[in-house]
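K.L.:
Here you go, input-v4.cif (mmCIF, C-alpha atoms and all ligand atoms):
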data_run
#
loop_
_atom_site.label_atom_id
_atom_site.label_comp_id
_atom_site.auth_asym_id
_atom_site.auth_seq_id
_atom_site.Cartn_x
_atom_site.Cartn_y
_atom_site.Cartn_z
CA MET V 114 37.08 124.81 107.53
CA PRO V 115 35.28 125.25 104.16
CA ARG V 116 36.23 123.22 101.11
CA ILE V 117 38.45 125.31 98.83
CA SER V 118 38.65 125.51 95.06
CA TYR V 119 40.79 127.70 92.84
CA VAL V 120 39.46 130.12 90.22
CA ASN V 121 41.64 132.56 88.28
CA GLY V 122 44.17 133.46 90.94
CA HIS V 123 41.92 133.01 93.99
CA TYR V 124 41.37 130.25 96.50
CA VAL V 125 37.67 130.45 97.25
CA PRO V 126 35.16 128.52 99.34
CA HIS V 127 33.87 125.90 96.90
CA ASN V 128 30.22 126.98 97.19
CA HIS V 129 31.13 130.54 96.22
CA ALA V 130 33.44 129.65 93.33
CA THR V 131 31.91 130.97 90.10
CA ILE V 132 32.77 131.79 86.51
CA GLN V 133 31.26 134.48 84.32
CA ILE V 134 28.21 133.75 82.17
CA GLU V 135 30.07 134.66 78.97
CA ASP V 136 32.89 132.25 79.65
CA ARG V 137 33.47 130.31 76.41
CA GLY V 138 33.72 127.11 78.40
CA PHE V 139 30.11 127.64 79.48
CA LEU V 140 28.78 128.95 76.15
CA MET V 141 30.62 126.67 73.71
CA ALA V 142 32.42 123.91 75.61
CA ASP V 143 35.51 125.82 74.46
CA ALA V 144 37.67 124.30 77.16
CA VAL V 145 39.94 121.42 78.01
CA TYR V 146 40.54 119.54 81.24
CA GLU V 147 42.62 116.97 83.04
CA VAL V 148 41.93 114.66 85.96
CA ILE V 149 44.96 113.63 87.98
CA GLY V 150 44.85 111.09 90.78
CA CYS V 151 46.78 111.72 93.96
CA ILE V 152 47.17 108.39 95.75
CA HIS V 153 48.52 108.47 99.31
CA GLY V 154 50.22 111.76 98.43
CA HIS V 155 51.72 110.51 95.14
CA MET V 156 50.63 112.37 92.02
CA ALA V 157 49.94 109.63 89.46
CA ASP V 158 51.55 110.33 86.09
CA GLU V 159 51.57 114.06 86.69
CA THR V 160 54.06 114.75 83.89
CA GLY V 161 51.95 112.83 81.38
CA HIS V 162 48.76 114.61 82.35
CA LEU V 163 50.37 118.04 82.18
CA ASP V 164 51.99 117.19 78.83
CA ARG V 165 48.57 116.20 77.52
CA LEU V 166 46.99 119.37 78.93
CA GLU V 167 49.55 121.46 77.06
CA ARG V 168 48.92 119.49 73.88
CA SER V 169 45.11 119.81 74.14
CA LEU V 170 45.52 123.56 74.63
CA SER V 171 47.92 123.98 71.73
CA GLU V 172 45.63 121.99 69.38
CA LEU V 173 42.92 124.57 70.18
CA GLN V 174 45.26 127.59 70.17
CA ILE V 175 44.62 128.38 73.83
CA ALA V 176 47.57 129.60 75.88
CA MET V 177 48.65 127.83 79.09
CA PRO V 178 47.11 130.09 81.74
CA VAL V 179 50.12 129.79 84.08
CA GLU V 180 53.58 128.21 83.93
CA ARG V 181 53.62 124.46 84.44
CA GLU V 182 55.54 124.83 87.71
CA THR V 183 52.84 127.19 88.98
CA LEU V 184 50.15 124.70 88.04
CA ARG V 185 52.03 121.98 89.91
CA PHE V 186 52.12 124.25 92.93
CA LEU V 187 48.39 125.09 92.65
CA MET V 188 47.45 121.40 92.54
CA ARG V 189 49.32 120.77 95.76
CA GLU V 190 48.08 123.95 97.41
CA VAL V 191 44.40 123.17 96.72
CA MET V 192 44.91 119.71 98.18
CA ARG V 193 46.80 121.12 101.16
CA ARG V 194 44.03 123.60 101.90
CA ASN V 195 41.52 120.75 101.71
CA ARG V 196 43.74 118.52 103.87
CA GLN V 197 43.69 115.74 101.31
CA LYS V 198 46.14 112.95 100.63
CA ASN V 199 43.86 110.98 98.30
CA ALA V 200 42.09 113.03 95.67
CA ALA V 201 41.12 113.41 92.05
CA ILE V 202 42.38 116.82 91.00
CA TYR V 203 40.30 118.42 88.26
CA ILE V 204 41.96 121.13 86.16
CA GLN V 205 39.95 123.04 83.57
CA VAL V 206 41.16 125.75 81.21
CA THR V 207 38.75 127.67 79.01
CA ARG V 208 39.41 130.19 76.26
CA GLY V 209 38.14 132.85 78.65
CA VAL V 210 35.36 135.41 78.69
CA ALA V 211 34.23 137.11 75.48
CA LYS V 212 31.04 138.32 73.79
CA ARG V 213 29.32 135.30 72.24
CA ASP V 214 30.76 134.83 68.76
CA PHE V 215 31.80 131.74 66.78
CA LYS V 216 35.22 133.10 65.88
CA PHE V 217 37.86 132.93 68.57
CA PRO V 218 38.25 136.12 70.59
CA SER V 219 41.51 138.08 70.52
CA PRO V 220 44.48 135.89 71.53
CA ASP V 221 45.21 138.18 74.47
CA THR V 222 41.90 137.16 76.11
CA PRO V 223 43.01 135.64 79.43
CA PRO V 224 42.13 131.95 79.72
CA THR V 225 40.04 130.85 82.70
CA LEU V 226 41.73 128.41 85.08
CA VAL V 227 39.80 126.32 87.59
CA LEU V 228 41.09 123.65 89.98
CA ILE V 229 38.80 121.44 92.06
CA SER V 230 40.04 118.60 94.24
CA TYR V 231 37.63 115.78 95.02
CA ASP V 232 38.12 113.31 97.87
CA PHE V 233 38.81 109.96 96.24
CA ASP V 234 39.17 106.73 98.15
CA PHE V 235 41.39 104.72 95.78
CA ASP V 236 41.82 101.90 98.32
CA GLY V 237 38.07 101.59 98.90
CA ASN V 238 36.97 101.57 95.27
CA ALA V 239 34.78 98.44 95.25
CA ALA V 240 34.64 98.24 91.43
CA VAL V 241 38.39 97.53 91.31
CA LYS V 242 37.79 94.19 93.06
CA ASN V 243 34.20 93.40 92.10
CA GLY V 244 34.30 94.58 88.49
CA MET V 245 31.81 96.43 86.32
CA LYS V 246 29.04 95.41 83.97
CA VAL V 247 28.90 97.30 80.70
CA LYS V 248 26.83 97.51 77.54
CA THR V 249 27.87 98.69 74.10
CA VAL V 250 26.43 101.85 72.56
CA PRO V 251 27.15 103.72 69.31
CA ASP V 252 29.99 106.22 69.61
CA ILE V 253 28.34 109.52 68.63
CA ARG V 254 31.23 111.86 69.52
CA TRP V 255 33.08 114.38 67.35
CA GLN V 256 36.22 113.34 65.46
CA ARG V 257 38.93 114.92 67.66
CA ARG V 258 38.69 112.61 70.63
CA ASP V 259 42.44 112.93 71.14
CA ILE V 260 41.83 116.41 72.59
CA LYS V 261 40.54 116.24 76.15
CA THR V 262 37.74 118.78 75.82
CA VAL V 263 34.76 119.31 78.12
CA LEU V 264 32.50 118.38 75.18
CA LEU V 265 31.27 115.44 77.26
CA LEU V 266 27.54 115.14 76.56
CA PRO V 267 27.89 112.00 74.36
CA GLN V 268 29.93 110.29 77.10
CA SER V 269 27.47 111.42 79.75
CA MET V 270 24.59 109.98 77.66
CA ALA V 271 26.52 106.72 77.18
CA LYS V 272 27.04 106.39 80.92
CA GLN V 273 23.41 107.27 81.72
CA SER V 274 22.15 104.73 79.20
CA ALA V 275 24.07 102.06 81.15
CA VAL V 276 22.77 103.34 84.49
CA ASN V 277 19.20 103.30 83.15
CA ASP V 278 19.71 99.60 82.37
CA GLY V 279 21.05 98.87 85.87
CA LEU V 280 24.64 98.61 84.56
CA ASP V 281 27.82 100.46 85.42
CA ASP V 282 29.06 101.93 82.15
CA SER V 283 29.11 101.79 78.34
CA TRP V 284 31.75 100.83 75.82
CA MET V 285 31.31 102.88 72.66
CA VAL V 286 31.34 101.34 69.18
CA ASP V 287 32.38 103.12 65.96
CA PRO V 288 30.34 102.92 62.71
CA GLU V 289 32.59 100.07 61.46
CA GLY V 290 31.62 97.97 64.47
CA PHE V 291 34.80 98.30 66.56
CA ILE V 292 35.00 99.39 70.18
CA THR V 293 36.60 102.78 70.66
CA GLU V 294 36.69 103.21 74.46
CA CYS V 295 34.57 103.40 77.60
CA SER V 296 32.65 106.59 78.44
CA ALA V 297 35.54 107.99 80.50
CA SER V 298 38.30 105.38 80.30
CA ASN V 299 40.18 103.21 77.80
CA ALA V 300 38.91 99.72 76.99
CA TRP V 301 41.06 96.57 77.09
CA ILE V 302 40.58 92.85 76.58
CA VAL V 303 42.79 89.82 77.20
CA THR V 304 42.52 87.13 74.51
CA LYS V 305 42.51 83.36 75.15
CA ASP V 306 46.23 83.27 74.29
CA LYS V 307 46.84 85.93 77.00
CA LYS V 308 47.49 88.89 74.70
CA LEU V 309 46.36 92.32 75.85
CA VAL V 310 44.44 94.22 73.19
CA THR V 311 43.53 97.90 73.21
CA ARG V 312 42.70 100.25 70.38
CA GLY V 313 45.63 101.95 68.64
CA VAL V 314 46.36 105.63 69.19
CA THR V 315 44.56 107.81 66.65
CA SER V 316 42.23 110.78 66.97
CA GLU V 317 39.39 108.26 67.44
CA ILE V 318 40.25 107.80 71.13
CA LEU V 319 41.71 109.73 73.98
CA ARG V 320 45.22 108.46 74.57
CA GLY V 321 44.94 107.68 78.25
CA ILE V 322 47.86 108.50 80.46
CA THR V 323 47.07 105.39 82.51
CA ARG V 324 47.03 103.46 79.21
CA THR V 325 50.53 104.76 78.47
CA ALA V 326 51.73 103.64 81.89
CA ILE V 327 50.22 100.18 81.28
CA GLU V 328 52.14 99.98 77.97
CA LYS V 329 55.33 100.41 79.98
CA LEU V 330 54.24 97.90 82.63
CA CYS V 331 53.44 95.33 79.91
CA LYS V 332 57.08 95.45 78.77
CA GLU V 333 58.34 95.01 82.32
CA MET V 334 55.90 92.19 83.03
CA ASN V 335 56.58 90.43 79.69
CA LEU V 336 52.96 90.77 78.63
CA VAL V 337 52.20 90.87 74.91
CA LEU V 338 50.34 94.02 73.92
CA GLU V 339 48.50 94.38 70.63
CA GLU V 340 47.33 97.87 69.75
CA ARG V 341 44.45 97.25 67.38
CA SER V 342 40.71 97.59 67.05
CA PHE V 343 38.45 94.81 68.36
CA THR V 344 34.75 94.04 68.04
CA PRO V 345 32.17 93.46 70.77
CA GLN V 346 32.13 89.75 69.75
CA GLU V 347 35.86 89.51 70.39
CA ALA V 348 35.29 91.16 73.76
CA TYR V 349 32.54 88.65 74.66
CA ASP V 350 35.00 85.84 73.89
CA ALA V 351 37.86 87.41 75.90
CA VAL V 352 39.14 85.79 79.09
CA GLU V 353 39.45 89.18 80.82
CA ALA V 354 38.41 92.74 80.11
CA PHE V 355 39.12 95.99 81.93
CA THR V 356 39.16 99.76 81.69
CA SER V 357 41.89 102.23 82.61
CA SER V 358 41.77 105.84 83.72
CA ALA V 359 43.17 108.27 86.28
CA THR V 360 40.33 107.46 88.70
CA ALA V 361 39.28 103.90 87.74
CA LEU V 362 43.00 102.98 87.57
CA ILE V 363 42.59 99.40 86.28
CA THR V 364 39.02 98.19 86.82
CA PRO V 365 37.82 94.78 85.63
CA VAL V 366 34.85 94.44 83.32
CA ILE V 367 33.05 91.21 84.16
CA GLU V 368 30.06 91.41 81.82
CA ILE V 369 29.52 92.98 78.39
CA ASP V 370 26.03 93.09 76.82
CA GLY V 371 24.96 90.29 79.17
CA HIS V 372 27.93 88.04 78.24
CA LYS V 373 29.99 86.93 81.21
CA ILE V 374 33.68 87.62 80.62
CA GLY V 375 35.97 84.74 81.63
CA ASP V 376 34.69 83.36 84.91
CA GLY V 377 32.91 86.63 85.73
CA LYS V 378 35.52 87.73 88.27
CA ARG V 379 38.61 89.96 88.25
CA GLY V 380 41.26 88.01 86.32
CA ASP V 381 44.92 87.51 87.25
CA ILE V 382 46.32 89.80 84.55
CA CYS V 383 44.02 92.63 85.60
CA LYS V 384 44.88 92.13 89.28
CA ASN V 385 48.65 91.94 88.66
CA LEU V 386 48.57 95.02 86.44
CA TYR V 387 46.61 96.93 89.09
CA GLU V 388 49.09 96.00 91.80
CA GLU V 389 52.07 96.88 89.60
CA TYR V 390 50.46 100.18 88.65
CA ARG V 391 49.89 101.09 92.30
CA ALA V 392 53.50 100.20 93.14
CA TYR V 393 54.73 102.25 90.16
CA VAL V 394 52.65 105.30 91.18
CA GLU V 395 53.94 105.05 94.71
CA GLY V 396 57.53 105.17 93.40
CA LEU V 397 58.41 101.52 93.98
CA ARG V 398 59.04 100.70 90.31
CA GLY V 399 61.35 103.42 89.04
CA LYS V 400 60.39 106.54 87.17
CA GLN V 401 56.88 107.35 86.00
CA VAL V 402 56.39 107.69 82.23
CA SER V 403 56.10 110.98 80.43
CA TRP V 404 53.50 111.21 77.71
CA GLU V 405 54.83 111.92 74.26
CA ALA V 406 52.88 114.67 72.55
CA GLY V 407 51.60 114.05 69.06
CA LEU V 408 49.84 111.06 67.59
N1 LIG B 1 38.58 110.41 81.84
N2 LIG B 1 39.10 107.96 77.42
C1 LIG B 1 38.22 108.91 77.81
C2 LIG B 1 37.10 109.25 76.89
C3 LIG B 1 38.38 109.56 79.04
O1 LIG B 1 37.52 110.53 79.42
C4 LIG B 1 39.46 109.19 79.89
C5 LIG B 1 39.70 109.85 81.21
C6 LIG B 1 40.33 108.18 79.46
C7 LIG B 1 41.50 107.71 80.27
O2 LIG B 1 42.51 108.68 80.33
P1 LIG B 1 43.50 108.78 81.57
O3 LIG B 1 44.09 107.42 81.75
O4 LIG B 1 44.51 109.77 81.15
O5 LIG B 1 42.67 109.20 82.76
C8 LIG B 1 40.13 107.59 78.21
C9 LIG B 1 38.72 111.14 83.10
C10 LIG B 1 39.19 110.28 84.23
C11 LIG B 1 37.44 111.90 83.40
O6 LIG B 1 36.90 112.45 82.46
O7 LIG B 1 37.01 111.99 84.56
#
In structure tokens, what does this structure look like?
Ligand code: PDD
P.N.:
Amino acid sequence: MPRISYVNGHYVPHNHATIQIEDRGFLMADAVYEVIGCIHGHMADETGHLDRLERSLSELQIAMPVERETLRFLMREVMRRNRQKNAAIYIQVTRGVAKRDFKFPSPDTPPTLVLISYDFDFDGNAAVKNGMKVKTVPDIRWQRRDIKTVLLLPQSMAKQSAVNDGLDDSWMVDPEGFITECSASNAWIVTKDKKLVTRGVTSEILRGITRTAIEKLCKEMNLVLEERSFTPQEAYDAVEAFTSSATALITPVIEIDGHKIGDGKRGDICKNLYEEYRAYVEGLRGKQVSWEAGL
């Protein structure tokens, strides 16, 4: 049975799935995306991810290619055809196909819709237990990081720079010297007095859906959350550090720029949050959060 992906109304064998060469996603990165985890058959924060997809599209004046209910169906159908229960579902919407031109094409240009589901072993993700080593790099991205576009070359370069140094990932630093986020996840630290710190929501970061779920969990777990900027030095001095995303979930960071964080192992707060997040996704902790559009 071949692996199946979805392109513009068709389920196609993955190796034969193509888009046109004048697709604006290809020519101009004129496209947005979402990654949604499906863990043991539970879609993690699906409402939040689809709310953010709609917001990213509306910020760029691209129409939703199909109704939300249809998209929900397509996600499940791609997974069903691939016989998956654990997957990262990738959804990309581009402005569609048009002659290369900097102005947007006519608004009736049909958007391109692609869905790919990747096998993802959430239970076997070694980094969740062993942690990651990161370095800091300058954040060289554009200024609308709140929109989840496929304009990912700066993040790809940040990640590769870490890999070239034998590390796992990079935390990006703004010109004022504060950490923005990790290449493809939000960055968190736990201070000596056990406060969780993550950067506030502005257009300087992507507001993670997992981050939003952690905000809710913090309230339930009586953890103090401070949404503010922090420096690499403050991160070196932290007792714990971690990143959050749809695929990393809550992954400890055990070393930053060669500085061991805490005792260099996954800390208790990170572990408890991870376990609570998993329980919440699997429906054991009440309703999942919905992401509020707007900044
Ligand atoms: N990345 N910040 C950035 C820059 C990201 O690319 C991501 C997600 C996040 C976390 O968002 P969320 O919790 O909604 O996944 C923060 C996805 C996983 C990716 O590009 O593969």
K.L.:
So the first atom is atom CA of Leu170 of chain V and the second is atom CA of Gly209 of chain V; what is the distance between them in Å, to one decimal place?
P.N.:
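Atom-to-atom, atom CA of Leu170 of chain V and atom CA of Gly209 of chain V are spaced 12.5 Å apart.
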K.L.:
In Å, rounded to a single decimal, give me how far atom CA of Asp143 of chain V is from atom CA of Gln273 of chain V.
P.N.:
23.3 Å
K.L.:
Show me which residues are within 8 Å of ligand LIG 1 (chain B) counting all atoms listed in the file, and format the list as a PyMOL selection string.
P.N.:
chain V and resi 147-149+162+258+261+268+294-299+318-325+357-362
K.L.:
Go ahead and write the residues just picked, C-alpha atoms, as a PDB file, in the frame of the given file.
P.N.:
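Everything below was put into result17.pdb:
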ATOM      1  CA  GLU V 147      42.620 116.970  83.040  1.00  0.00           C
ATOM      2  CA  VAL V 148      41.930 114.660  85.960  1.00  0.00           C
ATOM      3  CA  ILE V 149      44.960 113.630  87.980  1.00  0.00           C
ATOM      4  CA  HIS V 162      48.760 114.610  82.350  1.00  0.00           C
ATOM      5  CA  ARG V 258      38.690 112.610  70.630  1.00  0.00           C
ATOM      6  CA  LYS V 261      40.540 116.240  76.150  1.00  0.00           C
ATOM      7  CA  GLN V 268      29.930 110.290  77.100  1.00  0.00           C
ATOM      8  CA  GLU V 294      36.690 103.210  74.460  1.00  0.00           C
ATOM      9  CA  CYS V 295      34.570 103.400  77.600  1.00  0.00           C
ATOM     10  CA  SER V 296      32.650 106.590  78.440  1.00  0.00           C
ATOM     11  CA  ALA V 297      35.540 107.990  80.500  1.00  0.00           C
ATOM     12  CA  SER V 298      38.300 105.380  80.300  1.00  0.00           C
ATOM     13  CA  ASN V 299      40.180 103.210  77.800  1.00  0.00           C
ATOM     14  CA  ILE V 318      40.250 107.800  71.130  1.00  0.00           C
ATOM     15  CA  LEU V 319      41.710 109.730  73.980  1.00  0.00           C
ATOM     16  CA  ARG V 320      45.220 108.460  74.570  1.00  0.00           C
ATOM     17  CA  GLY V 321      44.940 107.680  78.250  1.00  0.00           C
ATOM     18  CA  ILE V 322      47.860 108.500  80.460  1.00  0.00           C
ATOM     19  CA  THR V 323      47.070 105.390  82.510  1.00  0.00           C
ATOM     20  CA  ARG V 324      47.030 103.460  79.210  1.00  0.00           C
ATOM     21  CA  THR V 325      50.530 104.760  78.470  1.00  0.00           C
ATOM     22  CA  SER V 357      41.890 102.230  82.610  1.00  0.00           C
ATOM     23  CA  SER V 358      41.770 105.840  83.720  1.00  0.00           C
ATOM     24  CA  ALA V 359      43.170 108.270  86.280  1.00  0.00           C
ATOM     25  CA  THR V 360      40.330 107.460  88.700  1.00  0.00           C
ATOM     26  CA  ALA V 361      39.280 103.900  87.740  1.00  0.00           C
ATOM     27  CA  LEU V 362      43.000 102.980  87.570  1.00  0.00           C
TER      28      LEU V 362
END
K.L.:
I'd like to know which of V:Gln346, V:Ile327, V:Val120, V:Phe233 is closest to Pro178 of chain V, using all atoms listed in the file.
P.N.:
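Using all atoms listed in the file, Pro178 of chain V sits closest to V:Val120.
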K.L.:
In Å, how far is it from atom CA of Thr344 of chain V to atom CA of Val286 of chain V?
P.N.:
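Rounded to one decimal, the two atoms are 8.1 Å apart.
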K.L.:
Write out as JSON an axis-aligned box for segment 127-138 of chain V: all of its atoms listed in the file, 5 Å added on each side, centre and edge lengths in Å with one decimal.
P.N.:
{"center_x": 31.0, "center_y": 130.3, "center_z": 86.8, "size_x": 15.7, "size_y": 18.8, "size_z": 30.8}
K.L.:
Need the shell around Val145 of chain V: protein/DNA/RNA residues with any atom at most 7 Å away, counting only C-alpha atoms. Skip same-chain ones fewer than 6 positions apart. Format as an MDAnalysis selection string?
P.N.:
chainID V and resid 169:170 205:207 261:263
K.L.:
Name the closest residue to Pro126 of chain V among the candidates V:Arg194, V:Arg312, V:His153, V:Arg189; distances are taken between atoms, counting only C-alpha atoms.
P.N.:
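When distances to Pro126 of chain V are compared using only C-alpha atoms, the smallest one comes from V:Arg194.
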K.L.:
Given all atoms listed in the file as the basis, pick out the residue of V:Arg137, V:Arg257, V:His123, V:His129 nearest to Val227 of chain V.
P.N.:
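Between V:Arg137, V:Arg257, V:His123, V:His129, the residue approaching Val227 of chain V most closely is V:His123.
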K.L.:
Find the residue from V:Leu163, V:Ile134, V:Ile117, V:Ala142 that sits nearest to Glu190 of chain V; use all atoms listed in the file when measuring.
P.N.:
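The answer is V:Ile117, which sits nearest to Glu190 of chain V.
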K.L.:
Quick one: of V:Lys242, V:Arg168, V:Lys198, V:His127, who's nearest to Gly377 of chain V, counting all atoms listed in the file?
P.N.:
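That would be V:Lys242, the residue with the smallest distance to Gly377 of chain V.
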K.L.:
Using the partial input, fill out segment 238-249 of chain V with N, CA, C and O atoms; write the result as a compact mmCIF listing (two decimals), keeping the file's coordinate frame.
P.N.:
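Final output, part-v7.txt:
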# COMPACT_ATOMS: atom_id res chain seq x y z
N ASN V 238 37.78 101.61 96.49
CA ASN V 238 36.97 101.57 95.27
C ASN V 238 36.53 100.13 94.97
O ASN V 238 37.29 99.31 94.44
N ALA V 239 35.27 99.83 95.32
CA ALA V 239 34.78 98.44 95.25
C ALA V 239 34.86 97.88 93.83
O ALA V 239 35.11 96.68 93.64
N ALA V 240 34.65 98.73 92.82
CA ALA V 240 34.64 98.24 91.43
C ALA V 240 35.97 97.60 91.04
O ALA V 240 36.01 96.69 90.21
N VAL V 241 37.06 98.07 91.65
CA VAL V 241 38.39 97.53 91.31
C VAL V 241 38.46 96.04 91.64
O VAL V 241 39.10 95.26 90.93
N LYS V 242 37.78 95.63 92.70
CA LYS V 242 37.79 94.19 93.06
C LYS V 242 36.59 93.45 92.48
O LYS V 242 36.72 92.34 92.00
N ASN V 243 35.43 94.11 92.51
CA ASN V 243 34.20 93.40 92.10
C ASN V 243 33.93 93.46 90.60
O ASN V 243 33.20 92.63 90.07
N GLY V 244 34.49 94.46 89.93
CA GLY V 244 34.30 94.58 88.49
C GLY V 244 33.04 95.34 88.11
O GLY V 244 32.19 95.64 88.96
N MET V 245 32.95 95.66 86.83
CA MET V 245 31.81 96.43 86.32
C MET V 245 31.10 95.64 85.22
O MET V 245 31.72 94.85 84.53
N LYS V 246 29.82 95.97 85.08
CA LYS V 246 29.04 95.41 83.97
C LYS V 246 28.80 96.53 82.97
O LYS V 246 28.37 97.62 83.37
N VAL V 247 29.06 96.25 81.71
CA VAL V 247 28.90 97.30 80.70
C VAL V 247 28.02 96.82 79.56
O VAL V 247 27.79 95.63 79.38
N LYS V 248 27.54 97.80 78.79
CA LYS V 248 26.83 97.51 77.54
C LYS V 248 27.58 98.24 76.43
O LYS V 248 28.44 99.09 76.71
N THR V 249 27.27 97.93 75.20
CA THR V 249 27.87 98.69 74.10
C THR V 249 26.83 99.66 73.55
O THR V 249 25.63 99.35 73.53
